[in-house]
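The structure under discussion appears below in the form of structure tokens.
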Amino acid sequence: MTQNKSFQQGNASTRLMTAQSVVQLLHAVGIKTFMAQLVENLTADFLSWNSFDKSARVANHSSLGVIELMPVANGTDYSFKYVNGHPKNTAVGLPTVMAFGVLANVASGQPRLISELTLATALRTAAMSALVACKLARPNSRVMAIIGNGAQSEFQALAFYWHMGIRHLRLYDIDSRATDKLIDNLQRSQLVPDMTYSRCANTLEAVQGAHIVTTITADKTNATIITADMLSAGMHINAVGGDCPGKTELASEVLLNSTVFVEYEPQTRLEGDLQQMPSDFWVTEFWQVLNGSARGRTSDQEITVFDSVGFALEDYSVLRLIEKQARAHQIGQAIALVPTLVNPKNLFGLLEAVAEQSVEIDSSGLKSRNAQPQ
Ligand SMILES: NC(=O)c1ccc[n+]([C@@H]2O[C@H](COP(=O)([O-])OP(=O)(O)OC[C@H]3O[C@@H](n4cnc5c(N)ncnc54)[C@H](O)[C@@H]3O)[C@@H](O)[C@H]2O)c1
């Protein structure tokens, strides 16, 4: 690319982590180590709760799904995630959930990292679920039911195997091929060698004898996947799939019979299973359990619910881990997302630099004859 006084190539300052780069990173770090470091980051960030500027996410709804923006900031870092939720997407060959995110400097606003977050969302959601379960479920929990065996499910299984000691999965999905895929993936991965599996005919069968129940289904409806008759004393419910207005998984009686924990209450009241309950229905924000200022489980008989909707802070936790490990392993691509200008007031001069690249436009879009790859 031609340089001139306005645009300097080679001073690219944003790291691009594509899906392929993140896979490369996970191979370099090891998924078990990455998950453990993610749990550490989540713990540190939720313990620093009051240092973050928080808000419920901004959601744009359509009849088929939702697209959301999730920002959070502290004194030094700002991050946001773009994420969708379209339960019918898999029928047309797209994931239900797709995401990317940005990490930027608060002091200057400069974006340091732009990263895929589809894979990273599955990892951070699972790590968060396991962290919460470590505090709320009975410590001797070994059997988990997973209702909904789609894209997120393997990651939940891994996190609960490594961090909670889960050794048996009771599985149900309305699509039995999803369950086959889950078992096949976990067995071939060799990451959970002594995990055993029960394929179940329905949710009621799956929750029998389960110490922990993870619901991670995708359907844009007020579903009642778990009803009060399915509860057993001491159960912990990790309710992940109900994360949008009009999209729930638990019958309201389940919440009435449980102690409910949430990430960020203002967001969960709008989006979680909690949306069914009156505004004075009591919930506890998880960070308070983590720092000891609120009680978690109080007896072996108590039923606990984590009404997970996914909070921006969790995306910050995974973005800063990706940044740290990408730097350590020199993975990713430096891109000039933002131009480096010799005179930052001379943005107009950038047009001159681009003109010198002899750009031609054809029917397929913008095509540059002599521009060099970054
Ligand atoms: N809370 C969070 O932080 C968070 C993060 C990521 C995804 N999610 C949510 O988790 C859900 C699952 O995401 P995914 O990426 O795995 O989606 P996916 O479409 O890949 O998988 C969902 C699975 O649920 C199954 N299912 C649908 N209705 C069911 C029912 N009634 N009983 C049993 N199984 C049923 C489908 O057959 C499918 O296999 C979505 O609703 C998504 O929005 C939440």
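Chain identifiers are assigned as A, B, and so on, following the order in which chains appear in the structure tokens; residues are numbered from 1 within each chain, and ligands are numbered from 1 in order of appearance.
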Problem set entry | Spatial neighbours of region 170-183 of chain A, 9 Å, only C-alpha atoms, chain gap at least 3 places, as a VMD selection string | chain A and resid 143 to 151 153 to 154 186 to 188 196 to 203 205 to 208 210 217
Exercise. DSSP on the backbone: what in region 280-360 of chain A comes out strand (DSSP E or B), as a PyMOL selection string?
Worked result: chain A and resi 284-285+304-307+333-335+359-360
Exercise. Quick one: distance from atom 44 (C, counted along the ligand's line) of ligand 1 to CA of Thr76 (chain A) in Å, one decimal?
Worked result: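 One can read the atom 44 (C, counted along the ligand's line) of ligand 1 to CA of Thr76 (chain A) distance as 27.5 Å.
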Problem set entry | Test item: residues at most 6 Å from region 293-309 of chain A, only C-alpha atoms, excluding those fewer than 5 positions along its chain, as a ChimeraX atom specification | /A:136,233-240,243,258-262,272,288
For this session: If you run DSSP over the backbone, which residues in region 182-281 of chain A end up alpha helix (DSSP H)? Put them as a ChimeraX atom specification.
Result: /A:182-189,203-207,252-256,265-271
All residues 6 Å or closer to Pro71 (chain A), only C-alpha atoms, same chain fewer than 6 positions away omitted, as an mmCIF file with N, CA and C atoms, in the first residue's frame:
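Result written to selection_3.cif:
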data_model
loop_
_atom_site.group_PDB
_atom_site.id
_atom_site.type_symbol
_atom_site.label_atom_id
_atom_site.label_comp_id
_atom_site.auth_asym_id
_atom_site.auth_seq_id
_atom_site.Cartn_x
_atom_site.Cartn_y
_atom_site.Cartn_z
ATOM 1 N N SER A 79 -15.576 -2.989 27.060
ATOM 2 C CA SER A 79 -15.822 -4.074 26.100
ATOM 3 C C SER A 79 -17.293 -4.091 25.714
ATOM 4 N N PHE A 80 -17.541 -4.639 24.536
ATOM 5 C CA PHE A 80 -18.926 -4.915 24.186
ATOM 6 C C PHE A 80 -18.972 -6.198 23.370
ATOM 7 N N ALA A 312 -22.732 -8.956 30.370
ATOM 8 C CA ALA A 312 -21.584 -8.375 29.651
ATOM 9 C C ALA A 312 -20.252 -8.587 30.365
#
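Residues in contact with Pro87 (chain A) at up to 8 Å, not including ones fewer than 6 positions away on its chain and judged by only C-alpha atoms, are A:Leu64, A:Gly65, A:Thr96, A:Ala218, A:Asp219, A:Lys220.
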Resulting file, chosen residues, all heavy atoms, as an mmCIF file, in the first residue's frame:
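out_28.cif, written as the output of this step:
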data_model
loop_
_atom_site.group_PDB
_atom_site.id
_atom_site.type_symbol
_atom_site.label_atom_id
_atom_site.label_comp_id
_atom_site.auth_asym_id
_atom_site.auth_seq_id
_atom_site.Cartn_x
_atom_site.Cartn_y
_atom_site.Cartn_z
ATOM 1 N N LEU A 64 -38.370 -13.740 14.739
ATOM 2 C CA LEU A 64 -37.523 -14.935 14.678
ATOM 3 C C LEU A 64 -36.425 -14.954 15.725
ATOM 4 O O LEU A 64 -35.821 -16.003 15.973
ATOM 5 C CB LEU A 64 -36.891 -15.062 13.282
ATOM 6 C CG LEU A 64 -37.857 -15.437 12.160
ATOM 7 C CD1 LEU A 64 -37.164 -15.379 10.811
ATOM 8 C CD2 LEU A 64 -38.437 -16.837 12.395
ATOM 9 N N GLY A 65 -36.122 -13.807 16.294
ATOM 10 C CA GLY A 65 -35.015 -13.807 17.246
ATOM 11 C C GLY A 65 -34.692 -12.441 17.787
ATOM 12 O O GLY A 65 -35.529 -11.526 17.769
ATOM 13 N N THR A 96 -27.586 -20.988 16.267
ATOM 14 C CA THR A 96 -28.592 -20.192 16.976
ATOM 15 C C THR A 96 -27.972 -18.908 17.517
ATOM 16 O O THR A 96 -28.563 -17.836 17.458
ATOM 17 C CB THR A 96 -29.179 -21.022 18.148
ATOM 18 O OG1 THR A 96 -29.856 -22.149 17.584
ATOM 19 C CG2 THR A 96 -30.133 -20.228 19.006
ATOM 20 N N ALA A 218 -33.301 -24.089 23.066
ATOM 21 C CA ALA A 218 -33.529 -22.871 22.292
ATOM 22 C C ALA A 218 -34.915 -22.930 21.665
ATOM 23 O O ALA A 218 -35.185 -23.776 20.820
ATOM 24 C CB ALA A 218 -32.464 -22.735 21.197
ATOM 25 N N ASP A 219 -35.797 -22.070 22.114
ATOM 26 C CA ASP A 219 -37.121 -21.953 21.519
ATOM 27 C C ASP A 219 -37.672 -20.608 21.958
ATOM 28 O O ASP A 219 -37.613 -20.268 23.142
ATOM 29 C CB ASP A 219 -38.027 -23.094 22.013
ATOM 30 C CG ASP A 219 -39.231 -23.272 21.103
ATOM 31 O OD1 ASP A 219 -39.376 -22.493 20.144
ATOM 32 O OD2 ASP A 219 -40.030 -24.192 21.368
ATOM 33 N N LYS A 220 -38.168 -19.834 21.017
ATOM 34 C CA LYS A 220 -38.654 -18.496 21.378
ATOM 35 C C LYS A 220 -40.089 -18.602 21.866
ATOM 36 O O LYS A 220 -41.021 -18.228 21.180
ATOM 37 C CB LYS A 220 -38.532 -17.560 20.179
ATOM 38 C CG LYS A 220 -38.529 -16.083 20.562
ATOM 39 C CD LYS A 220 -38.078 -15.242 19.406
ATOM 40 C CE LYS A 220 -38.376 -13.769 19.574
ATOM 41 N NZ LYS A 220 -38.011 -13.160 20.828
#
For this session: Using only C-alpha atoms, determine which residues lie at most 7 Å from Glu263 (chain A), disregarding the query and same-chain residues fewer than 3 positions distant; provide the list as a PyMOL selection string.
Result: chain A and resi 285-286+308+311
Could you write out that same residue set with N, CA, C and O atoms as a short mmCIF file (atom, residue, chain, number, x, y, z; two decimals), in the first residue's frame?
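Listed below is the output, selection_3.cif:
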data_model
loop_
_atom_site.label_atom_id
_atom_site.label_comp_id
_atom_site.auth_asym_id
_atom_site.auth_seq_id
_atom_site.Cartn_x
_atom_site.Cartn_y
_atom_site.Cartn_z
N GLU A 285 -28.04 -11.45 43.77
CA GLU A 285 -27.02 -11.36 42.73
C GLU A 285 -25.81 -12.20 43.15
O GLU A 285 -25.34 -12.11 44.30
N PHE A 286 -25.30 -12.98 42.21
CA PHE A 286 -24.27 -13.97 42.53
C PHE A 286 -23.00 -13.36 43.13
O PHE A 286 -22.36 -13.97 43.98
N SER A 308 -29.64 -17.94 34.63
CA SER A 308 -28.59 -17.34 33.79
C SER A 308 -29.18 -16.71 32.54
O SER A 308 -29.99 -17.34 31.84
N PHE A 311 -24.27 -12.13 31.08
CA PHE A 311 -24.06 -10.72 31.40
C PHE A 311 -22.74 -10.24 30.76
O PHE A 311 -21.78 -10.99 30.65
#
Exercise. Using only C-alpha atoms, which residues sit within 6 Å of Ile114 (chain A) once same-chain residues fewer than 4 positions away are excluded, as a list of chain:residue names?
Worked result: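 Contacts, in chain order: A:Leu16, A:Gly101, A:Val102.
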Could you take the residues named above and write them with all heavy atoms, as a PDB file, in the first residue's frame?
ATOM      1  N   LEU A  16      -6.855  -8.804  15.543  1.00  0.00           N
ATOM      2  CA  LEU A  16      -8.047  -9.496  15.047  1.00  0.00           C
ATOM      3  C   LEU A  16      -7.926 -10.979  15.391  1.00  0.00           C
ATOM      4  O   LEU A  16      -6.939 -11.626  15.016  1.00  0.00           O
ATOM      5  CB  LEU A  16      -8.168  -9.327  13.528  1.00  0.00           C
ATOM      6  CG  LEU A  16      -9.254 -10.181  12.853  1.00  0.00           C
ATOM      7  CD1 LEU A  16     -10.651  -9.746  13.278  1.00  0.00           C
ATOM      8  CD2 LEU A  16      -9.122 -10.102  11.327  1.00  0.00           C
ATOM      9  N   GLY A 101     -16.816  -9.543  19.576  1.00  0.00           N
ATOM     10  CA  GLY A 101     -16.705  -8.503  20.597  1.00  0.00           C
ATOM     11  C   GLY A 101     -15.449  -7.689  20.461  1.00  0.00           C
ATOM     12  O   GLY A 101     -14.534  -8.033  19.702  1.00  0.00           O
ATOM     13  N   VAL A 102     -15.408  -6.611  21.212  1.00  0.00           N
ATOM     14  CA  VAL A 102     -14.311  -5.641  21.159  1.00  0.00           C
ATOM     15  C   VAL A 102     -13.851  -5.317  22.583  1.00  0.00           C
ATOM     16  O   VAL A 102     -14.664  -5.223  23.497  1.00  0.00           O
ATOM     17  CB  VAL A 102     -14.785  -4.349  20.443  1.00  0.00           C
ATOM     18  CG1 VAL A 102     -13.815  -3.198  20.664  1.00  0.00           C
ATOM     19  CG2 VAL A 102     -14.980  -4.599  18.949  1.00  0.00           C
TER      20      VAL A 102
END
